[in-house]
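*Asks:* I'd like to ask some things about the structure below.
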Amino acid sequence: MTDKDVVPNILINEKSPYLLQHAHNPVNWYPWGEEAFSKAKAEDKPIFLSIGYSTCHWCHVMERECFEDEDVAKVLNENFISIKVDREERSDIDSIYMTFCQAYTGSGGWPLTIIMTPEKKPFFAGTYFPKESKYGRPGLIELLDSIYDMWSKDKKRLINYSLEMIDQIKRETEIEIDENNKINESVIKETIESLKQFFDKRYGGFSRVPKFPTPHNMYFLLEYYIKTEDKKALNMVEETLKHMYKGGIFDHVGFGFSRYSTDEKWLVPHFEKMLYDNALLSLIYTKTYEITGKELYKRIAEKIYTYMINNMISPEGGFYSAEDADSEGIEGKFYVWDIEEIEKVLGKQDGKTYCELYGITERGNFEEKNIPNLINRDIEKLELNENLKEQLEKMRAKLYDYREKRIHPFKDDKTLTSWNGLAIASFAYGGRIFNNQSYIEISERAADFILKRLIRDDGRLLSRYREGESAYAAVLEDYAFVIWGLIELYKANSQYKYQEKCIYLHDQMMKLFWDEKQGGLYLYGLDSEELIVRPKELYDGAIPSGNSVATFNMLRLYDITDDTKFKQFAERQFKAFGTTAKRNPIAYTHFITAYINSFNLFEKI
């Protein structure tokens, strides 16, 4: 039976690629909205909330095992109201329920599985569940039956537990202001010492397994180096950038970085490619080139820009969101090789040269296939060999053309305001540093697209565009990241209209998100849908937080305009979040980077 033979559920009317992937499930999915909540209340049923995104490998696995299964669908349809949410479209919903999941289980991830009351109050959380018990995880049917039995027999107990958990989340997300514990220069020292402690001296990075790029850690180290000339800080960045590029997390055939590595060497990636990673990493490689003058970093940055130009720009000028890890239902299939394929494309002699250099073997390094990598090569020595570089580029181009004929991974072609802001910032910055006008023009085109397509008639910024539809009130990171992009664009082309838009969006952001009483910016605006809590986020995770970026933007706008209101807002941010940042500085490196740039502290460091 094909999708065409199945009567679709109402997700078929949505624009989100993730929701559309589930439109032909036998589960009676609803999008997040009043229709689903009203039905749950009327029928006195708990809500099964599933949050994920279109390029998520384990989301695909759970869909195949559970949501395409008639037995699972029967339980969900009879006893629950089922809601699907695209976490990239509704980062506010995802953030709040992920916080609950982390409090409930001690960890999080996607797919995010929440069971809650019709009033949106959660009482159970988890991530991936198989249909039947395995991997030490309970089966979904068994779990659903157990929860529905509790709902039928002791609903009051579940509701009371839910209320307790919400109170806990509210306490955890409240800002603790202590005048005697304000942020000061000691937090910078603690951050640098923590990064030195966690730094992997052999392969770079700041964690063991899995290893994430965390560009904001490197941004902090570069800014710290600029101010202090601490060579260890710069060395940590350089070693991380070199090892990441050498590994399989970088696509040596088509360019661009995958989301993270599953091993310490950066060899085996989780193959999905996200716009935000490539935007931020291209910016970091560019900044490292600016500081060191080493051509290697410029070449790598240009390769990342090439990837984004070739794969992530829509005909209208905005940037797409992501490319999947899977193709033909298999993770990484599009990206891996065997010796026979390489020699078929390149011929015996060139094939042998390529395989030796890029670690292609009969045995393979990933499920009997090979991920091209330079882990055992001296890339700085390779950088000096112009003849070999030219030869390798010809080989790469042949392999790229051959690979293009394979079935491609799915591309999520929605345009997200926040991630576009990061791409606008990076292309503008790269254009300025490399004196590359085409990069600046790409940045301008994307900025103009956002300012035309993702601003409502009343001037309100929106979060997502796809197939002619703009939707969802922008959250804090949308405003903060777009302002960042426009600041970089103004610095690159000196067009005053972009400075004006920065100030306009900043003023609107303050009206919608600012807490006049305590300081800090809320996750979502006062005109947005009210959720179970309204937190202020500071944690710099896969991407910097909206509050961290907004604070840095305030200081840069003060520098550009000399208007003291921007400096005053930044100072209130440091006061509001000082206690939080001092508690665990390594979790807030971009916020502390803003602090580095706020005062003349460095005689004391």
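Quick note on naming: the chains in the structure tokens go A, B, ... in the order shown, residues restart at 1 in each chain, and ligands are numbered from 1 in order of appearance.
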Would you please give, as a PDB file with C-alpha atoms, in the first residue's frame, all residues of range 335-473 of chain A that DSSP assigns to alpha helix (DSSP H) based on the backbone?
*Replies:*
ATOM      1  CA  ILE A 339      37.101   1.195  -3.141  1.00  0.00           C
ATOM      2  CA  GLU A 340      35.427  -0.208  -6.269  1.00  0.00           C
ATOM      3  CA  GLU A 341      33.258   2.892  -6.652  1.00  0.00           C
ATOM      4  CA  ILE A 342      36.206   5.236  -6.171  1.00  0.00           C
ATOM      5  CA  GLU A 343      38.305   3.401  -8.771  1.00  0.00           C
ATOM      6  CA  LYS A 344      35.341   3.210 -11.147  1.00  0.00           C
ATOM      7  CA  VAL A 345      35.018   7.001 -11.060  1.00  0.00           C
ATOM      8  CA  LEU A 346      38.689   7.999 -10.860  1.00  0.00           C
ATOM      9  CA  LYS A 348      43.008   2.756 -10.883  1.00  0.00           C
ATOM     10  CA  GLN A 349      45.906   5.145 -10.310  1.00  0.00           C
ATOM     11  CA  ASP A 350      43.993   8.228  -9.166  1.00  0.00           C
ATOM     12  CA  GLY A 351      41.629   5.985  -7.226  1.00  0.00           C
ATOM     13  CA  LYS A 352      44.536   4.469  -5.337  1.00  0.00           C
ATOM     14  CA  THR A 353      45.933   7.938  -4.537  1.00  0.00           C
ATOM     15  CA  TYR A 354      42.563   9.176  -3.303  1.00  0.00           C
ATOM     16  CA  CYS A 355      41.871   6.081  -1.202  1.00  0.00           C
ATOM     17  CA  GLU A 356      45.265   6.222   0.487  1.00  0.00           C
ATOM     18  CA  LEU A 357      44.909   9.894   1.307  1.00  0.00           C
ATOM     19  CA  ILE A 379      46.663  19.058   6.471  1.00  0.00           C
ATOM     20  CA  GLU A 380      49.021  21.970   7.018  1.00  0.00           C
ATOM     21  CA  LYS A 381      51.676  20.160   4.991  1.00  0.00           C
ATOM     22  CA  LEU A 382      49.033  19.279   2.402  1.00  0.00           C
ATOM     23  CA  GLU A 383      48.099  22.959   2.230  1.00  0.00           C
ATOM     24  CA  LEU A 384      51.591  23.770   0.938  1.00  0.00           C
ATOM     25  CA  GLU A 386      49.710  23.172  -4.695  1.00  0.00           C
ATOM     26  CA  ASN A 387      50.078  20.415  -7.308  1.00  0.00           C
ATOM     27  CA  LEU A 388      48.503  17.780  -5.067  1.00  0.00           C
ATOM     28  CA  LYS A 389      45.709  20.140  -4.036  1.00  0.00           C
ATOM     29  CA  GLU A 390      44.887  20.789  -7.676  1.00  0.00           C
ATOM     30  CA  GLN A 391      44.930  17.065  -8.436  1.00  0.00           C
ATOM     31  CA  LEU A 392      42.676  16.296  -5.464  1.00  0.00           C
ATOM     32  CA  GLU A 393      40.202  19.005  -6.454  1.00  0.00           C
ATOM     33  CA  LYS A 394      39.806  17.397  -9.899  1.00  0.00           C
ATOM     34  CA  MET A 395      39.190  14.029  -8.228  1.00  0.00           C
ATOM     35  CA  ARG A 396      36.703  15.552  -5.798  1.00  0.00           C
ATOM     36  CA  ALA A 397      34.771  17.185  -8.643  1.00  0.00           C
ATOM     37  CA  LYS A 398      34.438  13.803 -10.420  1.00  0.00           C
ATOM     38  CA  LEU A 399      33.267  12.098  -7.243  1.00  0.00           C
ATOM     39  CA  TYR A 400      30.829  14.930  -6.577  1.00  0.00           C
ATOM     40  CA  ASP A 401      29.298  14.634 -10.055  1.00  0.00           C
ATOM     41  CA  TYR A 402      28.993  10.856  -9.599  1.00  0.00           C
ATOM     42  CA  ARG A 403      27.441  11.231  -6.141  1.00  0.00           C
ATOM     43  CA  THR A 417      13.866  33.462  10.404  1.00  0.00           C
ATOM     44  CA  SER A 418      16.329  32.721  13.210  1.00  0.00           C
ATOM     45  CA  TRP A 419      18.645  30.441  11.257  1.00  0.00           C
ATOM     46  CA  ASN A 420      18.532  32.806   8.296  1.00  0.00           C
ATOM     47  CA  GLY A 421      19.746  35.533  10.635  1.00  0.00           C
ATOM     48  CA  LEU A 422      22.831  33.418  11.379  1.00  0.00           C
ATOM     49  CA  ALA A 423      23.470  32.790   7.675  1.00  0.00           C
ATOM     50  CA  ILE A 424      23.038  36.493   6.876  1.00  0.00           C
ATOM     51  CA  ALA A 425      25.574  37.334   9.605  1.00  0.00           C
ATOM     52  CA  SER A 426      28.111  34.813   8.337  1.00  0.00           C
ATOM     53  CA  PHE A 427      27.897  35.677   4.637  1.00  0.00           C
ATOM     54  CA  ALA A 428      28.124  39.400   5.399  1.00  0.00           C
ATOM     55  CA  TYR A 429      31.085  38.860   7.709  1.00  0.00           C
ATOM     56  CA  GLY A 430      32.795  36.513   5.241  1.00  0.00           C
ATOM     57  CA  GLY A 431      32.214  38.968   2.421  1.00  0.00           C
ATOM     58  CA  ARG A 432      33.815  41.760   4.434  1.00  0.00           C
ATOM     59  CA  ILE A 433      36.837  39.763   5.615  1.00  0.00           C
ATOM     60  CA  PHE A 434      37.502  38.050   2.277  1.00  0.00           C
ATOM     61  CA  GLN A 437      31.180  41.054  -2.929  1.00  0.00           C
ATOM     62  CA  SER A 438      29.171  37.984  -3.995  1.00  0.00           C
ATOM     63  CA  TYR A 439      28.936  36.846  -0.349  1.00  0.00           C
ATOM     64  CA  ILE A 440      27.664  40.278   0.663  1.00  0.00           C
ATOM     65  CA  GLU A 441      25.084  40.186  -2.129  1.00  0.00           C
ATOM     66  CA  ILE A 442      23.878  36.758  -0.936  1.00  0.00           C
ATOM     67  CA  SER A 443      23.531  38.209   2.553  1.00  0.00           C
ATOM     68  CA  GLU A 444      21.637  41.240   1.219  1.00  0.00           C
ATOM     69  CA  ARG A 445      19.261  39.066  -0.795  1.00  0.00           C
ATOM     70  CA  ALA A 446      18.470  36.867   2.211  1.00  0.00           C
ATOM     71  CA  ALA A 447      18.002  39.898   4.472  1.00  0.00           C
ATOM     72  CA  ASP A 448      15.678  41.542   1.969  1.00  0.00           C
ATOM     73  CA  PHE A 449      13.725  38.289   1.698  1.00  0.00           C
ATOM     74  CA  ILE A 450      13.222  38.153   5.477  1.00  0.00           C
ATOM     75  CA  LEU A 451      12.274  41.823   5.655  1.00  0.00           C
ATOM     76  CA  LYS A 452       9.771  41.406   2.817  1.00  0.00           C
ATOM     77  CA  ARG A 453       8.274  37.959   3.427  1.00  0.00           C
TER      78      ARG A 453
END
*Asks:* Can you pull out every residue within 12 Å of Ile96 in chain A, counting only C-alpha atoms, but drop anything in the same chain fewer than 3 positions away, and send it as a PyMOL selection string?
*Replies:* chain A and resi 51+87+90-93+99-103+108+112+114+120-122+125+165-166+169-170+172-173+523-524+530-537
*Asks:* Would you export the selected residues with N, CA and C atoms as an mmCIF file, in the first residue's frame, please?
*Replies:*
data_model
loop_
_atom_site.group_PDB
_atom_site.id
_atom_site.type_symbol
_atom_site.label_atom_id
_atom_site.label_comp_id
_atom_site.auth_asym_id
_atom_site.auth_seq_id
_atom_site.Cartn_x
_atom_site.Cartn_y
_atom_site.Cartn_z
ATOM 1 N N ILE A 51 6.988 15.668 19.374
ATOM 2 C CA ILE A 51 7.726 16.805 18.821
ATOM 3 C C ILE A 51 8.997 16.299 18.158
ATOM 4 N N ARG A 87 9.469 21.067 15.848
ATOM 5 C CA ARG A 87 10.215 21.846 16.847
ATOM 6 C C ARG A 87 10.896 23.073 16.236
ATOM 7 N N ARG A 90 8.032 25.687 15.928
ATOM 8 C CA ARG A 90 7.521 26.129 17.230
ATOM 9 C C ARG A 90 8.571 25.836 18.308
ATOM 10 N N SER A 91 9.654 26.594 18.242
ATOM 11 C CA SER A 91 10.735 26.394 19.216
ATOM 12 C C SER A 91 10.287 26.746 20.626
ATOM 13 N N ASP A 92 9.254 27.584 20.775
ATOM 14 C CA ASP A 92 8.744 27.911 22.099
ATOM 15 C C ASP A 92 8.107 26.691 22.756
ATOM 16 N N ILE A 93 7.256 25.987 22.011
ATOM 17 C CA ILE A 93 6.623 24.776 22.537
ATOM 18 C C ILE A 93 7.682 23.722 22.849
ATOM 19 N N THR A 99 12.210 21.129 28.538
ATOM 20 C CA THR A 99 12.593 21.411 29.925
ATOM 21 C C THR A 99 11.894 20.445 30.869
ATOM 22 N N PHE A 100 10.606 20.184 30.613
ATOM 23 C CA PHE A 100 9.872 19.213 31.424
ATOM 24 C C PHE A 100 10.488 17.827 31.297
ATOM 25 N N CYS A 101 10.818 17.420 30.075
ATOM 26 C CA CYS A 101 11.405 16.095 29.851
ATOM 27 C C CYS A 101 12.723 15.945 30.611
ATOM 28 N N GLN A 102 13.545 16.978 30.571
ATOM 29 C CA GLN A 102 14.840 16.923 31.261
ATOM 30 C C GLN A 102 14.652 16.862 32.771
ATOM 31 N N ALA A 103 13.641 17.579 33.273
ATOM 32 C CA ALA A 103 13.355 17.514 34.705
ATOM 33 C C ALA A 103 12.784 16.145 35.089
ATOM 34 N N GLY A 108 17.187 14.520 27.524
ATOM 35 C CA GLY A 108 16.214 14.908 26.507
ATOM 36 C C GLY A 108 16.683 14.499 25.133
ATOM 37 N N LEU A 112 10.648 13.930 20.840
ATOM 38 C CA LEU A 112 10.241 14.221 22.213
ATOM 39 C C LEU A 112 8.798 13.745 22.385
ATOM 40 N N ILE A 114 5.591 13.489 24.890
ATOM 41 C CA ILE A 114 4.958 14.086 26.071
ATOM 42 C C ILE A 114 3.515 13.593 26.161
ATOM 43 N N LYS A 120 -2.862 21.253 28.538
ATOM 44 C CA LYS A 120 -1.462 21.364 28.113
ATOM 45 C C LYS A 120 -0.461 21.130 29.242
ATOM 46 N N LYS A 121 -0.918 20.539 30.344
ATOM 47 C CA LYS A 121 -0.044 20.328 31.496
ATOM 48 C C LYS A 121 0.507 18.899 31.465
ATOM 49 N N PRO A 122 1.830 18.746 31.329
ATOM 50 C CA PRO A 122 2.423 17.427 31.123
ATOM 51 C C PRO A 122 2.531 16.616 32.417
ATOM 52 N N ALA A 125 6.975 12.128 30.261
ATOM 53 C CA ALA A 125 7.868 12.551 29.179
ATOM 54 C C ALA A 125 8.884 11.452 28.874
ATOM 55 N N MET A 165 5.090 19.423 38.829
ATOM 56 C CA MET A 165 6.190 19.525 37.870
ATOM 57 C C MET A 165 6.229 20.906 37.220
ATOM 58 N N ILE A 166 5.060 21.462 36.933
ATOM 59 C CA ILE A 166 5.023 22.805 36.346
ATOM 60 C C ILE A 166 5.581 23.830 37.331
ATOM 61 N N ILE A 169 9.269 23.587 37.138
ATOM 62 C CA ILE A 169 9.801 24.235 35.930
ATOM 63 C C ILE A 169 9.807 25.745 36.103
ATOM 64 N N LYS A 170 8.727 26.279 36.673
ATOM 65 C CA LYS A 170 8.663 27.727 36.897
ATOM 66 C C LYS A 170 9.793 28.187 37.801
ATOM 67 N N GLU A 172 12.688 26.709 38.226
ATOM 68 C CA GLU A 172 13.966 26.546 37.538
ATOM 69 C C GLU A 172 14.202 27.625 36.488
ATOM 70 N N THR A 173 13.122 28.164 35.919
ATOM 71 C CA THR A 173 13.279 29.164 34.862
ATOM 72 C C THR A 173 13.196 30.597 35.376
ATOM 73 N N LEU A 523 11.174 34.138 26.414
ATOM 74 C CA LEU A 523 11.268 33.268 25.240
ATOM 75 C C LEU A 523 10.298 33.691 24.150
ATOM 76 N N TYR A 524 9.053 34.003 24.526
ATOM 77 C CA TYR A 524 8.060 34.402 23.524
ATOM 78 C C TYR A 524 7.407 35.720 23.926
ATOM 79 N N GLU A 530 -0.177 32.041 24.984
ATOM 80 C CA GLU A 530 0.318 31.817 26.341
ATOM 81 C C GLU A 530 0.466 30.318 26.585
ATOM 82 N N LEU A 531 1.676 29.904 26.946
ATOM 83 C CA LEU A 531 1.956 28.501 27.235
ATOM 84 C C LEU A 531 2.011 28.302 28.746
ATOM 85 N N ILE A 532 2.321 27.097 29.194
ATOM 86 C CA ILE A 532 2.216 26.782 30.623
ATOM 87 C C ILE A 532 3.223 27.556 31.471
ATOM 88 N N VAL A 533 4.343 27.969 30.889
ATOM 89 C CA VAL A 533 5.295 28.860 31.555
ATOM 90 C C VAL A 533 5.829 29.836 30.511
ATOM 91 N N ARG A 534 6.402 30.927 30.986
ATOM 92 C CA ARG A 534 7.018 31.906 30.081
ATOM 93 C C ARG A 534 8.456 32.136 30.564
ATOM 94 N N PRO A 535 9.382 31.296 30.114
ATOM 95 C CA PRO A 535 10.744 31.352 30.654
ATOM 96 C C PRO A 535 11.612 32.400 29.970
ATOM 97 N N LYS A 536 12.751 32.653 30.588
ATOM 98 C CA LYS A 536 13.833 33.436 29.989
ATOM 99 C C LYS A 536 15.023 32.492 29.854
ATOM 100 N N GLU A 537 15.400 32.214 28.640
ATOM 101 C CA GLU A 537 16.467 31.238 28.406
ATOM 102 C C GLU A 537 17.818 31.925 28.227
#
*Asks:* Would you mind listing what lies within 9 Å of range 251-253 of chain A as number ranges by chain, with only C-alpha atoms counted and same-chain residues fewer than 3 positions away left out?
*Replies:* A: 245-248, 256-258, 335, 358, 371-374, 396-397, 399-400, 403
*Asks:* Please identify all polymer residues within 9 Å of His270 in chain A, counting only C-alpha atoms, omitting same-chain residues fewer than 2 positions from it, and present them as a list in words.
*Replies:* His57, Ile249, Ser258, Arg259, Tyr260, Ser261, Thr262, Val268, Glu272, Lys273, Ala325, Glu331 and Gly332 of chain A
*Asks:* Counting only C-alpha atoms, which residue out of A:Asp69, A:Asp86, A:Glu185, A:Glu176 sits closest to Ile141 in chain A?
*Replies:*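 Under the stated criterion, the closest residue is A:Asp69.
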*Asks:* Set the distance at 7 Å and use only C-alpha atoms: which residues neighbour Asp540 in chain A once local chain neighbours fewer than 5 positions away are removed? I'd like the list as an NGL selection string.
*Replies:* :A and (545 or 587-590)
*Asks:* Those same residues - N, CA and C atoms - I'd like them written as a CSV table (one decimal), in the first residue's frame.
*Replies:*
chain,number,residue,atom,x,y,z
A,545,SER,N,21.9,31.3,22.9
A,545,SER,CA,20.6,31.6,23.3
A,545,SER,C,20.2,33.0,22.8
A,587,ALA,N,28.3,26.9,30.4
A,587,ALA,CA,27.0,26.7,29.8
A,587,ALA,C,26.5,28.0,29.1
A,588,TYR,N,27.3,29.1,29.3
A,588,TYR,CA,26.8,30.4,28.9
A,588,TYR,C,27.9,31.2,28.2
A,589,THR,N,28.7,30.5,27.3
A,589,THR,CA,29.9,31.1,26.8
A,589,THR,C,29.6,32.3,25.9
A,590,HIS,N,28.5,32.3,25.2
A,590,HIS,CA,28.2,33.4,24.3
A,590,HIS,C,27.8,34.6,25.1
*Asks:* Out of range 450-568 of chain A, which residues get strand (DSSP E or B) from DSSP, as number ranges by chain?
*Replies:* A: 455, 461-466, 469-473, 514, 521
*Asks:* For Pro118 in chain A, list every protein, DNA or RNA residue within 10 Å, evaluated using only C-alpha atoms, and leave out those in the same chain fewer than 4 positions away; present the list as a ChimeraX atom specification.
*Replies:* /A:36-48,81,122
*Asks:* Export, as a PDB file, in the first residue's frame, the selected residues with N, CA and C atoms.
*Replies:*
ATOM      1  N   ALA A  36      -7.639  20.530  18.562  1.00  0.00           N
ATOM      2  CA  ALA A  36      -7.183  19.343  19.283  1.00  0.00           C
ATOM      3  C   ALA A  36      -7.479  19.452  20.776  1.00  0.00           C
ATOM      4  N   PHE A  37      -7.225  20.621  21.360  1.00  0.00           N
ATOM      5  CA  PHE A  37      -7.424  20.776  22.796  1.00  0.00           C
ATOM      6  C   PHE A  37      -8.908  20.721  23.158  1.00  0.00           C
ATOM      7  N   SER A  38      -9.749  21.305  22.325  1.00  0.00           N
ATOM      8  CA  SER A  38     -11.193  21.255  22.573  1.00  0.00           C
ATOM      9  C   SER A  38     -11.710  19.830  22.489  1.00  0.00           C
ATOM     10  N   LYS A  39     -11.192  19.085  21.529  1.00  0.00           N
ATOM     11  CA  LYS A  39     -11.634  17.686  21.373  1.00  0.00           C
ATOM     12  C   LYS A  39     -11.202  16.853  22.582  1.00  0.00           C
ATOM     13  N   ALA A  40      -9.972  17.093  23.059  1.00  0.00           N
ATOM     14  CA  ALA A  40      -9.478  16.361  24.236  1.00  0.00           C
ATOM     15  C   ALA A  40     -10.338  16.658  25.462  1.00  0.00           C
ATOM     16  N   LYS A  41     -10.724  17.925  25.627  1.00  0.00           N
ATOM     17  CA  LYS A  41     -11.568  18.294  26.768  1.00  0.00           C
ATOM     18  C   LYS A  41     -12.959  17.657  26.639  1.00  0.00           C
ATOM     19  N   ALA A  42     -13.514  17.746  25.443  1.00  0.00           N
ATOM     20  CA  ALA A  42     -14.871  17.221  25.232  1.00  0.00           C
ATOM     21  C   ALA A  42     -14.923  15.713  25.450  1.00  0.00           C
ATOM     22  N   GLU A  43     -13.871  15.003  25.046  1.00  0.00           N
ATOM     23  CA  GLU A  43     -13.858  13.539  25.147  1.00  0.00           C
ATOM     24  C   GLU A  43     -13.134  13.046  26.392  1.00  0.00           C
ATOM     25  N   ASP A  44     -12.630  13.986  27.211  1.00  0.00           N
ATOM     26  CA  ASP A  44     -11.909  13.654  28.451  1.00  0.00           C
ATOM     27  C   ASP A  44     -10.765  12.660  28.172  1.00  0.00           C
ATOM     28  N   LYS A  45      -9.936  13.037  27.236  1.00  0.00           N
ATOM     29  CA  LYS A  45      -8.796  12.178  26.872  1.00  0.00           C
ATOM     30  C   LYS A  45      -7.480  12.922  27.117  1.00  0.00           C
ATOM     31  N   PRO A  46      -6.441  12.189  27.514  1.00  0.00           N
ATOM     32  CA  PRO A  46      -5.119  12.816  27.585  1.00  0.00           C
ATOM     33  C   PRO A  46      -4.580  13.076  26.181  1.00  0.00           C
ATOM     34  N   ILE A  47      -3.617  13.975  26.125  1.00  0.00           N
ATOM     35  CA  ILE A  47      -2.999  14.321  24.840  1.00  0.00           C
ATOM     36  C   ILE A  47      -1.648  13.639  24.711  1.00  0.00           C
ATOM     37  N   PHE A  48      -1.434  13.016  23.572  1.00  0.00           N
ATOM     38  CA  PHE A  48      -0.139  12.447  23.210  1.00  0.00           C
ATOM     39  C   PHE A  48       0.535  13.458  22.281  1.00  0.00           C
ATOM     40  N   ILE A  81      -5.739  12.010  22.241  1.00  0.00           N
ATOM     41  CA  ILE A  81      -5.740  12.967  21.139  1.00  0.00           C
ATOM     42  C   ILE A  81      -4.266  13.216  20.816  1.00  0.00           C
ATOM     43  N   PRO A 122       1.830  18.746  31.329  1.00  0.00           N
ATOM     44  CA  PRO A 122       2.423  17.427  31.123  1.00  0.00           C
ATOM     45  C   PRO A 122       2.531  16.616  32.417  1.00  0.00           C
TER      46      PRO A 122
END
*Asks:* Please indicate the distance in Å from CA of Leu20 in chain A to CA of Ser133 in chain A, rounded to one decimal place.
*Replies:*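 Between these atoms lies a distance of 27.8 Å.
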*Asks:* Between CA of Trp484 in chain A and CA of Arg556 in chain A, what is the distance, to one decimal in Å?
*Replies:* 9.1 Å
*Asks:* With only C-alpha atoms as the counted atoms, please give the residues lying no more than 12 Å from Asp507 in chain A, apart from itself and same-chain residues fewer than 4 positions off, as a count of residues only.
*Replies:* 19
*Asks:* Counting only C-alpha atoms, which residue out of A:Glu89, A:Glu367, A:Glu193, A:Glu78 sits closest to Asp145 in chain A?
*Replies:*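 Smallest distance to Asp145 in chain A is found for A:Glu78.
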*Asks:* Kindly indicate which residue among A:Ile300, A:Ile592, A:Ala581, A:Leu275 lies nearest to Ile543 in chain A, using only C-alpha atoms for the distances.
*Replies:*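 Among the listed residues, A:Leu275 lies closest to Ile543 in chain A.
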*Asks:* For Thr580 in chain A, which of A:Glu14, A:Asp562, A:Asp149, A:Glu174 is the closest residue, counting only C-alpha atoms?
*Replies:*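 Nearest to Thr580 in chain A: A:Glu174.
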*Asks:* For each of A:Tyr496, A:Phe220, A:Ile586, A:Asp378, take the minimum atom-to-atom distance to Gly541 in chain A, counting only C-alpha atoms, then give the residue where this is smallest.
*Replies:*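 Checking each of A:Tyr496, A:Phe220, A:Ile586, A:Asp378 against Gly541 in chain A, counting only C-alpha atoms, the winner is A:Ile586.
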*Asks:* Using only C-alpha atoms, which residue out of A:Val72, A:Val85, A:Ala570, A:Leu241 lies closest to Tyr18 in chain A?
*Replies:*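 For Tyr18 in chain A, the nearest of the candidates is A:Val85.
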*Asks:* Expressed in Å to a single decimal, how great is the separation between CA of Phe198 in chain A and CA of His216 in chain A?
*Replies:*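 If I compute the distance from CA of Phe198 in chain A to CA of His216 in chain A, I get 14.9 Å.
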